[in-house]
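Undergrad: Next comes the structure file model_0.csv, holding CSV, C-alpha atoms.
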chain,number,residue,atom,x,y,z
B,1,MET,CA,0.6,34.1,22.1
B,2,ASP,CA,-2.5,35.4,20.3
B,3,ASN,CA,-0.3,37.0,17.6
B,4,VAL,CA,1.2,33.7,16.6
B,5,THR,CA,-2.1,31.8,16.2
B,6,PHE,CA,-2.6,33.4,12.8
B,7,VAL,CA,0.3,31.6,11.1
B,8,ARG,CA,0.3,32.1,7.4
B,9,ILE,CA,3.9,31.2,6.4
B,10,PHE,CA,6.1,28.2,7.4
B,11,THR,CA,9.8,28.0,6.8
B,12,LEU,CA,11.2,24.7,5.6
B,13,SER,CA,14.6,24.8,7.3
B,14,GLY,CA,15.6,21.3,6.4
B,15,ILE,CA,17.0,22.5,3.1
B,16,ASN,CA,19.5,25.0,4.6
B,17,GLU,CA,22.5,22.6,4.8
B,18,THR,CA,22.3,21.6,1.1
B,19,MET,CA,22.2,25.1,-0.3
B,20,ASN,CA,26.0,25.1,-1.0
B,21,TYR,CA,25.4,22.3,-3.6
B,22,ARG,CA,21.9,23.4,-4.7
B,23,LEU,CA,22.7,23.5,-8.5
B,24,THR,CA,24.1,19.9,-8.4
B,25,ILE,CA,21.2,18.7,-6.2
B,26,PHE,CA,18.7,20.5,-8.4
B,27,SER,CA,20.1,18.8,-11.6
B,28,LEU,CA,20.1,15.4,-10.1
B,29,THR,CA,16.7,15.8,-8.5
B,30,LEU,CA,15.2,17.0,-11.7
B,31,LEU,CA,16.7,14.1,-13.6
B,32,TYR,CA,15.4,11.7,-11.0
B,33,TYR,CA,11.9,13.2,-11.0
B,34,CYS,CA,11.8,13.0,-14.8
B,35,MET,CA,12.7,9.3,-14.6
B,36,ILE,CA,9.9,8.7,-12.1
B,37,LEU,CA,7.4,10.5,-14.4
B,38,PHE,CA,8.7,8.6,-17.5
B,39,PHE,CA,8.5,5.1,-16.1
B,40,ASN,CA,5.3,5.5,-14.2
B,41,ILE,CA,3.5,7.3,-17.1
B,42,SER,CA,4.8,4.7,-19.6
B,43,LEU,CA,3.5,1.8,-17.5
B,44,VAL,CA,0.1,3.5,-17.0
B,45,THR,CA,-0.2,4.2,-20.7
B,46,ILE,CA,0.7,0.7,-21.7
B,47,ILE,CA,-1.9,-0.8,-19.4
B,48,ILE,CA,-4.6,1.7,-20.5
B,49,VAL,CA,-3.9,1.3,-24.3
B,50,ASP,CA,-3.5,-2.5,-24.4
B,51,GLU,CA,-6.9,-4.2,-23.9
B,52,ASN,CA,-5.1,-7.5,-23.1
B,53,LEU,CA,-3.9,-5.9,-19.9
B,54,HIS,CA,-7.3,-4.9,-18.7
B,55,GLU,CA,-7.2,-7.5,-16.0
B,56,PRO,CA,-7.5,-6.9,-12.2
B,57,MET,CA,-3.8,-7.3,-11.5
B,58,TYR,CA,-2.8,-4.8,-14.1
B,59,ILE,CA,-5.5,-2.3,-13.3
B,60,LEU,CA,-4.3,-2.4,-9.7
B,61,LEU,CA,-0.8,-1.9,-10.9
B,62,CYS,CA,-2.0,1.1,-12.9
B,63,SER,CA,-3.6,2.5,-9.8
B,64,PHE,CA,-0.3,1.9,-7.9
B,65,CYS,CA,1.7,3.9,-10.5
B,66,ILE,CA,-0.9,6.7,-10.6
B,67,ASN,CA,-0.5,7.0,-6.8
B,68,GLY,CA,3.3,7.2,-7.2
B,69,LEU,CA,2.8,10.1,-9.6
B,70,TYR,CA,0.4,11.7,-7.1
B,71,GLY,CA,2.7,11.5,-4.2
B,72,THR,CA,5.9,12.6,-5.9
B,73,THR,CA,4.1,15.5,-7.6
B,74,GLY,CA,3.3,16.7,-4.1
B,75,PHE,CA,7.0,16.9,-3.2
B,76,TYR,CA,9.4,17.3,-6.1
B,77,PRO,CA,8.1,20.5,-7.9
B,78,LYS,CA,8.1,22.4,-4.6
B,79,TYR,CA,11.5,21.1,-3.6
B,80,LEU,CA,13.0,22.0,-7.0
B,81,LEU,CA,11.6,25.5,-6.6
B,82,ASP,CA,13.0,25.8,-3.1
B,83,LEU,CA,16.5,24.8,-4.4
B,84,LEU,CA,16.4,27.8,-6.8
B,85,SER,CA,14.9,30.2,-4.2
B,86,SER,CA,16.7,32.3,-1.6
B,87,SER,CA,13.9,31.6,1.0
B,88,GLN,CA,12.3,28.2,1.5
B,89,GLU,CA,8.8,29.2,2.6
B,90,ILE,CA,5.4,27.6,2.1
B,91,SER,CA,2.0,29.1,2.9
B,92,TYR,CA,-0.1,27.8,5.7
B,93,GLU,CA,-2.7,26.4,3.3
B,94,GLY,CA,0.0,25.0,1.0
B,95,CYS,CA,1.7,23.3,4.0
B,96,LEU,CA,-1.6,21.6,5.1
B,97,SER,CA,-2.2,20.5,1.5
B,98,GLN,CA,1.3,19.0,1.1
B,99,ALA,CA,0.9,17.2,4.5
B,100,PHE,CA,-2.4,15.8,3.2
B,101,VAL,CA,-0.8,14.6,-0.1
B,102,MET,CA,2.2,13.0,1.7
B,103,TYR,CA,0.1,11.0,4.2
B,104,SER,CA,-2.6,10.0,1.8
B,105,PHE,CA,0.0,8.9,-0.8
B,106,ALA,CA,1.8,6.6,1.7
B,107,CYS,CA,-1.4,5.1,3.1
B,108,CYS,CA,-3.0,4.7,-0.3
B,109,ASP,CA,0.1,2.7,-1.3
B,110,LEU,CA,-0.5,0.3,1.6
B,111,SER,CA,-4.2,0.0,0.7
B,112,ILE,CA,-3.4,-0.8,-2.9
B,113,LEU,CA,-0.8,-3.3,-1.8
B,114,ALA,CA,-3.4,-5.0,0.4
B,115,VAL,CA,-5.9,-5.2,-2.5
B,116,MET,CA,-3.1,-6.6,-4.7
B,117,ALA,CA,-2.4,-9.2,-2.1
B,118,TYR,CA,-6.1,-10.2,-2.0
B,119,ASP,CA,-6.1,-10.4,-5.8
B,120,ARG,CA,-3.1,-12.8,-5.8
B,121,TYR,CA,-4.7,-14.8,-3.0
B,122,LEU,CA,-7.9,-15.3,-5.1
B,123,ALA,CA,-6.0,-16.0,-8.3
B,124,ILE,CA,-3.8,-18.7,-6.7
B,125,CYS,CA,-5.7,-20.1,-3.7
B,126,ARG,CA,-9.3,-19.9,-5.1
B,127,PRO,CA,-8.9,-19.8,-8.9
B,128,LEU,CA,-12.4,-21.2,-9.6
B,129,HIS,CA,-14.0,-18.3,-7.8
B,130,TYR,CA,-11.6,-15.6,-9.0
B,131,HIS,CA,-13.7,-14.1,-11.7
B,132,SER,CA,-16.8,-13.9,-9.5
B,133,PHE,CA,-14.9,-12.3,-6.6
B,134,MET,CA,-13.0,-10.0,-8.9
B,135,SER,CA,-15.7,-8.8,-11.3
B,136,LYS,CA,-15.4,-5.3,-12.7
B,137,ARG,CA,-17.9,-4.0,-10.2
B,138,LYS,CA,-16.1,-5.5,-7.2
B,139,LEU,CA,-12.7,-4.4,-8.6
B,140,SER,CA,-14.0,-0.8,-9.0
B,141,ALA,CA,-15.2,-0.9,-5.4
B,142,LEU,CA,-11.8,-2.1,-4.2
B,143,VAL,CA,-9.9,0.5,-6.1
B,144,CYS,CA,-12.3,3.2,-4.7
B,145,PHE,CA,-11.7,1.8,-1.2
B,146,SER,CA,-7.9,2.0,-1.6
B,147,TRP,CA,-8.1,5.7,-2.6
B,148,LEU,CA,-11.1,7.0,-0.6
B,149,THR,CA,-10.1,5.5,2.8
B,150,PRO,CA,-6.9,7.4,3.2
B,151,PHE,CA,-8.5,10.5,1.6
B,152,CYS,CA,-11.3,10.5,4.1
B,153,ILE,CA,-9.1,9.8,7.1
B,154,PHE,CA,-6.6,12.5,6.4
B,155,SER,CA,-9.2,15.0,5.4
B,156,ILE,CA,-10.5,14.8,9.0
B,157,SER,CA,-6.9,14.9,10.3
B,158,ILE,CA,-6.0,18.0,8.3
B,159,ILE,CA,-9.2,19.8,9.3
B,160,LEU,CA,-8.5,19.1,13.0
B,161,THR,CA,-4.9,20.4,12.5
B,162,SER,CA,-6.1,23.5,10.8
B,163,ASN,CA,-8.0,24.4,14.0
B,164,LEU,CA,-4.9,24.3,16.2
B,165,LYS,CA,-3.3,27.4,17.7
B,166,LEU,CA,0.3,27.4,16.6
B,167,TYR,CA,3.3,29.1,18.1
B,168,GLY,CA,6.1,27.9,15.8
B,169,LEU,CA,6.9,28.8,12.2
B,170,LYS,CA,9.9,26.6,11.4
B,171,ILE,CA,9.6,23.0,10.1
B,172,GLN,CA,12.9,21.1,10.3
B,173,LYS,CA,12.2,19.0,7.2
B,174,LEU,CA,12.1,19.3,3.4
B,175,PHE,CA,8.3,19.1,3.3
B,176,CYS,CA,5.3,19.6,5.6
B,177,VAL,CA,4.2,16.7,7.8
B,178,ASN,CA,1.0,16.7,9.8
B,179,TRP,CA,2.7,15.4,13.0
B,180,ILE,CA,5.3,18.2,12.9
B,181,ILE,CA,2.6,20.8,12.5
B,182,VAL,CA,0.7,19.4,15.5
B,183,LYS,CA,3.9,19.6,17.5
B,184,LEU,CA,4.0,23.3,16.8
B,185,ALA,CA,0.7,23.8,18.7
B,186,CYS,CA,0.6,26.0,21.8
B,187,SER,CA,0.9,24.1,25.1
B,188,ASP,CA,-2.6,25.0,26.1
B,189,THR,CA,-4.1,23.7,22.8
B,190,ASP,CA,-6.2,20.6,22.9
B,191,THR,CA,-4.7,17.9,20.6
B,192,VAL,CA,-6.6,15.0,21.9
B,193,SER,CA,-8.7,14.7,18.7
B,194,ASN,CA,-5.6,14.7,16.6
B,195,ASN,CA,-4.1,11.9,18.7
B,196,ILE,CA,-7.3,9.8,18.5
B,197,ILE,CA,-7.3,10.1,14.7
B,198,SER,CA,-3.6,9.2,14.6
B,199,TYR,CA,-4.1,6.1,16.7
B,200,ALA,CA,-7.2,5.1,14.7
B,201,THR,CA,-5.1,5.5,11.5
B,202,ILE,CA,-2.3,3.3,12.9
B,203,PHE,CA,-4.9,0.7,13.9
B,204,ILE,CA,-6.5,0.7,10.4
B,205,TYR,CA,-3.2,0.3,8.6
B,206,VAL,CA,-1.7,-2.2,11.0
B,207,PHE,CA,-4.8,-4.3,10.2
B,208,HIS,CA,-3.9,-3.8,6.5
B,209,GLY,CA,-0.5,-5.3,7.3
B,210,PHE,CA,-2.0,-8.3,9.2
B,211,PHE,CA,-4.3,-8.9,6.3
B,212,ILE,CA,-1.4,-9.0,3.8
B,213,ILE,CA,0.5,-11.4,6.1
B,214,TRP,CA,-2.6,-13.6,6.3
B,215,THR,CA,-2.9,-13.7,2.5
B,216,TYR,CA,0.7,-14.6,2.1
B,217,MET,CA,0.5,-17.4,4.6
B,218,HIS,CA,-2.2,-19.0,2.5
B,219,LEU,CA,-0.3,-18.3,-0.7
B,220,ILE,CA,2.8,-20.0,0.5
B,221,ARG,CA,0.9,-22.9,1.9
B,222,THR,CA,-0.9,-23.4,-1.5
B,223,CYS,CA,2.3,-23.0,-3.5
B,224,VAL,CA,4.1,-25.6,-1.6
B,225,ARG,CA,1.7,-28.2,-2.9
B,226,SER,CA,1.8,-27.4,-6.6
B,227,THR,CA,4.7,-26.6,-9.1
B,228,GLU,CA,2.3,-24.7,-11.3
B,229,ASP,CA,1.2,-22.5,-8.4
B,230,ARG,CA,4.9,-21.9,-7.4
B,231,ILE,CA,5.6,-20.7,-10.9
B,232,LYS,CA,2.6,-18.3,-10.8
B,233,PHE,CA,3.8,-17.1,-7.4
B,234,MET,CA,7.3,-16.3,-8.6
B,235,GLN,CA,5.9,-14.5,-11.7
B,236,THR,CA,3.2,-12.4,-10.0
B,237,CYS,CA,3.7,-12.3,-6.3
B,238,VAL,CA,7.5,-11.7,-6.1
B,239,PRO,CA,7.2,-8.2,-7.5
B,240,HIS,CA,4.4,-7.4,-5.1
B,241,LEU,CA,6.4,-8.8,-2.2
B,242,ILE,CA,9.5,-6.7,-3.1
B,243,SER,CA,7.3,-3.6,-3.3
B,244,LEU,CA,5.7,-4.4,-0.1
B,245,VAL,CA,8.9,-5.1,1.9
B,246,THR,CA,10.6,-2.0,0.5
B,247,PHE,CA,7.6,0.2,1.3
B,248,LEU,CA,7.2,-1.1,4.8
B,249,VAL,CA,10.9,-0.8,5.7
B,250,VAL,CA,11.1,2.7,4.3
B,251,ILE,CA,7.9,3.9,6.0
B,252,VAL,CA,8.4,2.3,9.4
B,253,PHE,CA,12.0,3.5,9.5
B,254,ASP,CA,10.9,7.1,8.7
B,255,LEU,CA,8.0,7.0,11.2
B,256,MET,CA,10.2,5.6,14.0
B,257,TYR,CA,12.9,8.2,13.3
B,258,MET,CA,10.3,11.1,13.1
B,259,ARG,CA,8.8,10.0,16.5
B,260,PHE,CA,11.8,8.8,18.4
B,261,GLY,CA,15.0,9.6,16.4
B,262,SER,CA,17.9,11.8,17.5
B,263,THR,CA,18.2,15.3,16.2
B,264,ASP,CA,22.0,15.0,16.5
B,265,LEU,CA,22.3,13.4,13.1
B,266,PRO,CA,23.6,15.6,10.2
B,267,GLN,CA,20.8,17.4,8.5
B,268,SER,CA,21.6,15.9,5.1
B,269,LEU,CA,21.1,12.4,6.6
B,270,GLN,CA,17.9,13.4,8.3
B,271,ASN,CA,16.7,14.7,4.9
B,272,PHE,CA,17.5,11.4,3.2
B,273,ILE,CA,15.7,9.4,5.9
B,274,SER,CA,12.6,11.6,5.6
B,275,ILE,CA,12.3,11.3,1.7
B,276,GLU,CA,13.2,7.6,1.3
B,277,PHE,CA,9.6,6.8,0.6
B,278,LEU,CA,9.6,9.4,-2.2
B,279,LEU,CA,12.9,8.2,-3.6
B,280,ILE,CA,12.9,4.4,-3.7
B,281,PRO,CA,9.3,3.0,-4.2
B,282,PRO,CA,8.1,5.5,-7.0
B,283,LEU,CA,11.0,4.5,-9.3
B,284,MET,CA,11.6,0.9,-8.2
B,285,ASN,CA,7.9,-0.2,-8.5
B,286,PRO,CA,7.4,0.4,-12.3
B,287,LEU,CA,10.9,-1.1,-13.0
B,288,ILE,CA,10.2,-4.3,-11.0
B,289,TYR,CA,6.8,-4.8,-12.5
B,290,GLY,CA,7.9,-3.8,-16.0
B,291,PHE,CA,10.7,-6.4,-16.0
B,292,LYS,CA,9.1,-9.2,-14.0
B,293,LEU,CA,5.5,-9.4,-15.3
B,294,THR,CA,5.6,-11.3,-18.6
B,295,LYS,CA,2.8,-9.5,-20.5
B,296,ILE,CA,4.1,-6.0,-19.7
B,297,ARG,CA,7.7,-7.0,-20.5
B,298,ASN,CA,6.7,-8.5,-23.8
B,299,LYS,CA,4.7,-5.3,-24.6
B,300,ILE,CA,7.7,-3.1,-23.8
B,301,LEU,CA,10.0,-5.3,-25.9
B,302,TYR,CA,7.5,-5.1,-28.8
B,303,LEU,CA,7.3,-1.3,-28.6
B,304,VAL,CA,11.1,-1.1,-28.5
B,305,HIS,CA,11.4,-3.4,-31.5
B,306,VAL,CA,8.7,-1.4,-33.5
B,307,GLY,CA,10.5,1.9,-32.5
B,308,ARG,CA,13.8,0.7,-34.1
B,309,LYS,CA,12.2,0.1,-37.4
In structure tokens, how does this file's structure come out?

TA:
Amino acid sequence: MDNVTFVRIFTLSGINETMNYRLTIFSLTLLYYCMILFFNISLVTIIIVDENLHEPMYILLCSFCINGLYGTTGFYPKYLLDLLSSSQEISYEGCLSQAFVMYSFACCDLSILAVMAYDRYLAICRPLHYHSFMSKRKLSALVCFSWLTPFCIFSISIILTSNLKLYGLKIQKLFCVNWIIVKLACSDTDTVSNNIISYATIFIYVFHGFFIIWTYMHLIRTCVRSTEDRIKFMQTCVPHLISLVTFLVVIVFDLMYMRFGSTDLPQSLQNFISIEFLLIPPLMNPLIYGFKLTKIRNKILYLVHVGRK
């Protein structure tokens, strides 16, 4: 047992079943990742360059897209290299780093969605107080909160995981997940601290979910009374609601499967379930916001028109 506590290399065995089609999968994955980079970077650039878009809603959207780039960069480059490699291995330090990126990316997404819901609540339900509540200073604090909260939580979680004695080397996924690494711990290893952090994290982000529900209850109640508010809701809240529902469905489904799912499913289906949150939201979000938000859509159409000249 003592010899296996010094694990320095993990094997990502989830990729094995796809190796017969690796060139096709590599090409499609590379194309998909390039699309994610293009749409997210384009939206971030448009918001940064255009001073008319330096408003809380668009700054939060910019943060949302940056987080999408952060999370996908933690997965796609390594996965593309694995498809071209004969052995799918990752160092101990690299595995912990990737686990940190995956978890912090997902929770940062939910934190940003909660802040965006609060922004819409103030804009529609309390318009007279909007600029005082969403001043530059308070907006900066909210953006920092949405990033630093998951970073701090998962820094503690990863540090605790790094102190565990491990007996396993094989991770049955395409990427490293903290929960899977903890499951590789020796039977005599104390994982109570890891479980406490896990339950605390669940509590914090379930509270985020209830807060979002609370904001939408007020938003819907306000919009029922006014045609103008209904129009504003359809223009600015529907993209947020679509992003939120998609994110929650994908994440909850993945978490439930990871904790309670059957291992009898084909490996390719297991792989798809595990990377849904890296496939759908990072590409869908910039497209939804780009087409639905009037100012961004007009800016894109203007740039396309100028580019044709």

Undergrad: Given the point (-5.5, 18.5, 16.9) in the file's coordinates, find the residues that have an atom at most 9 Å from it, counting all atoms listed in the file, and give them as a count of residues only.

TA: 18

Undergrad: Could you pull the residues within 12 Å of region 45-57 of chain B, counting only C-alpha atoms, minus those fewer than 4 positions along the same chain, as an mmCIF file with C-alpha atoms, keeping the file's coordinate frame?

TA:
data_model
loop_
_atom_site.group_PDB
_atom_site.id
_atom_site.type_symbol
_atom_site.label_atom_id
_atom_site.label_comp_id
_atom_site.auth_asym_id
_atom_site.auth_seq_id
_atom_site.Cartn_x
_atom_site.Cartn_y
_atom_site.Cartn_z
ATOM 1 C CA LEU B 37 7.400 10.500 -14.400
ATOM 2 C CA PHE B 38 8.700 8.600 -17.500
ATOM 3 C CA PHE B 39 8.500 5.100 -16.100
ATOM 4 C CA ASN B 40 5.300 5.500 -14.200
ATOM 5 C CA ILE B 41 3.500 7.300 -17.100
ATOM 6 C CA LEU B 61 -0.800 -1.900 -10.900
ATOM 7 C CA CYS B 62 -2.000 1.100 -12.900
ATOM 8 C CA SER B 63 -3.600 2.500 -9.800
ATOM 9 C CA PHE B 64 -0.300 1.900 -7.900
ATOM 10 C CA CYS B 65 1.700 3.900 -10.500
ATOM 11 C CA ILE B 66 -0.900 6.700 -10.600
ATOM 12 C CA ILE B 112 -3.400 -0.800 -2.900
ATOM 13 C CA LEU B 113 -0.800 -3.300 -1.800
ATOM 14 C CA VAL B 115 -5.900 -5.200 -2.500
ATOM 15 C CA MET B 116 -3.100 -6.600 -4.700
ATOM 16 C CA ALA B 117 -2.400 -9.200 -2.100
ATOM 17 C CA TYR B 118 -6.100 -10.200 -2.000
ATOM 18 C CA ASP B 119 -6.100 -10.400 -5.800
ATOM 19 C CA ARG B 120 -3.100 -12.800 -5.800
ATOM 20 C CA TYR B 121 -4.700 -14.800 -3.000
ATOM 21 C CA LEU B 122 -7.900 -15.300 -5.100
ATOM 22 C CA ALA B 123 -6.000 -16.000 -8.300
ATOM 23 C CA TYR B 130 -11.600 -15.600 -9.000
ATOM 24 C CA HIS B 131 -13.700 -14.100 -11.700
ATOM 25 C CA SER B 132 -16.800 -13.900 -9.500
ATOM 26 C CA PHE B 133 -14.900 -12.300 -6.600
ATOM 27 C CA MET B 134 -13.000 -10.000 -8.900
ATOM 28 C CA SER B 135 -15.700 -8.800 -11.300
ATOM 29 C CA LYS B 136 -15.400 -5.300 -12.700
ATOM 30 C CA ARG B 137 -17.900 -4.000 -10.200
ATOM 31 C CA LYS B 138 -16.100 -5.500 -7.200
ATOM 32 C CA LEU B 139 -12.700 -4.400 -8.600
ATOM 33 C CA SER B 140 -14.000 -0.800 -9.000
ATOM 34 C CA ALA B 141 -15.200 -0.900 -5.400
ATOM 35 C CA LEU B 142 -11.800 -2.100 -4.200
ATOM 36 C CA VAL B 143 -9.900 0.500 -6.100
ATOM 37 C CA THR B 236 3.200 -12.400 -10.000
ATOM 38 C CA CYS B 237 3.700 -12.300 -6.300
ATOM 39 C CA PRO B 239 7.200 -8.200 -7.500
ATOM 40 C CA HIS B 240 4.400 -7.400 -5.100
ATOM 41 C CA PRO B 286 7.400 0.400 -12.300
ATOM 42 C CA TYR B 289 6.800 -4.800 -12.500
ATOM 43 C CA GLY B 290 7.900 -3.800 -16.000
ATOM 44 C CA LEU B 293 5.500 -9.400 -15.300
ATOM 45 C CA THR B 294 5.600 -11.300 -18.600
ATOM 46 C CA LYS B 295 2.800 -9.500 -20.500
ATOM 47 C CA ILE B 296 4.100 -6.000 -19.700
ATOM 48 C CA ARG B 297 7.700 -7.000 -20.500
ATOM 49 C CA ASN B 298 6.700 -8.500 -23.800
ATOM 50 C CA LYS B 299 4.700 -5.300 -24.600
ATOM 51 C CA ILE B 300 7.700 -3.100 -23.800
ATOM 52 C CA LEU B 301 10.000 -5.300 -25.900
ATOM 53 C CA TYR B 302 7.500 -5.100 -28.800
ATOM 54 C CA LEU B 303 7.300 -1.300 -28.600
#

Undergrad: CA of Gly209 (chain B) to CA of Tyr76 (chain B): how many Å, to one decimal?

TA: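 Atom-to-atom, CA of Gly209 (chain B) to CA of Tyr76 (chain B), that is 28.1 Å.
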
Undergrad: Residues of region 134-212 of chain B that have any atom at most 6 Å from an atom of region 103-110 of chain B: could you tabulate them with the shortest-distance atom pair and the distance in Å to one decimal, using only C-alpha atoms, ordered by chain and increasing number, as JSON lines?

TA:
{"residue": "B:Ser146", "atom": "CA", "partner": "B:Cys108", "partner_atom": "CA", "distance": 5.7}
{"residue": "B:Trp147", "atom": "CA", "partner": "B:Cys108", "partner_atom": "CA", "distance": 5.7}
{"residue": "B:Pro150", "atom": "CA", "partner": "B:Ser104", "partner_atom": "CA", "distance": 5.2}
{"residue": "B:Phe151", "atom": "CA", "partner": "B:Ser104", "partner_atom": "CA", "distance": 5.9}

Undergrad: Would you compute the box with edges along x, y and z of the file around region 211-215 of chain B, including every atom the file lists for it and 8 Å extra on each side, and give its centre and edge lengths in Å to one decimal, as JSON?

TA:
{"center_x": -1.9, "center_y": -11.3, "center_z": 4.4, "size_x": 20.8, "size_y": 20.8, "size_z": 19.8}

Undergrad: So the first atom is CA of Gly14 (chain B) and the second is CA of Asn271 (chain B); what is the distance between them in Å, to one decimal place?

TA: 6.9 Å

Undergrad: Ranking B:Ile202, B:Leu96, B:Leu12, B:Leu244 by minimum distance to Ser155 (chain B) and counting only C-alpha atoms, which one comes first?

TA: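 Among B:Ile202, B:Leu96, B:Leu12, B:Leu244, it is B:Leu96 that comes nearest to Ser155 (chain B).
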
Undergrad: Would you work out the distance separating CA of Ala114 (chain B) from CA of Ile212 (chain B), expressed in Å to one decimal?

TA: 5.6 Å

Undergrad: Which polymer residues have any atom within 9 Å of an atom of Thr246 (chain B), counting all atoms listed in the file, with same-chain residues fewer than 6 positions away left out, as a CSV table (one decimal) with C-alpha atoms, keeping the file's coordinate frame?

TA:
chain,number,residue,atom,x,y,z
B,277,PHE,CA,9.6,6.8,0.6
B,280,ILE,CA,12.9,4.4,-3.7
B,281,PRO,CA,9.3,3.0,-4.2

Undergrad: Give me, as a list of chain:residue names, all polymer residues having an atom no more than 10 Å from Asp229 (chain B), counting all atoms listed in the file and skipping those fewer than 5 positions away in the same chain.

TA: B:Ala123, B:Ile124, B:Cys125, B:Leu219, B:Ile220, B:Thr222, B:Cys223, B:Val224, B:Met234, B:Gln235

Undergrad: The selected residues should be written to file as a short mmCIF file (atom, residue, chain, number, x, y, z; two decimals), keeping the file's coordinate frame (atoms: C-alpha atoms).

TA:
data_model
loop_
_atom_site.label_atom_id
_atom_site.label_comp_id
_atom_site.auth_asym_id
_atom_site.auth_seq_id
_atom_site.Cartn_x
_atom_site.Cartn_y
_atom_site.Cartn_z
CA ALA B 123 -6.00 -16.00 -8.30
CA ILE B 124 -3.80 -18.70 -6.70
CA CYS B 125 -5.70 -20.10 -3.70
CA LEU B 219 -0.30 -18.30 -0.70
CA ILE B 220 2.80 -20.00 0.50
CA THR B 222 -0.90 -23.40 -1.50
CA CYS B 223 2.30 -23.00 -3.50
CA VAL B 224 4.10 -25.60 -1.60
CA MET B 234 7.30 -16.30 -8.60
CA GLN B 235 5.90 -14.50 -11.70
#

Undergrad: Between B:Ser268, B:Ser111, B:Asn285, B:Gln98, which has the minimum distance to Gly74 (chain B) (counting all atoms listed in the file)?

TA: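 Using all atoms listed in the file, Gly74 (chain B) sits closest to B:Gln98.
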
Undergrad: Counting all atoms listed in the file, what is within 10 Å of Ser91 (chain B), bar same-chain residues fewer than 4 positions away, as a PyMOL selection string?

TA: chain B and resi 7-11+95-97
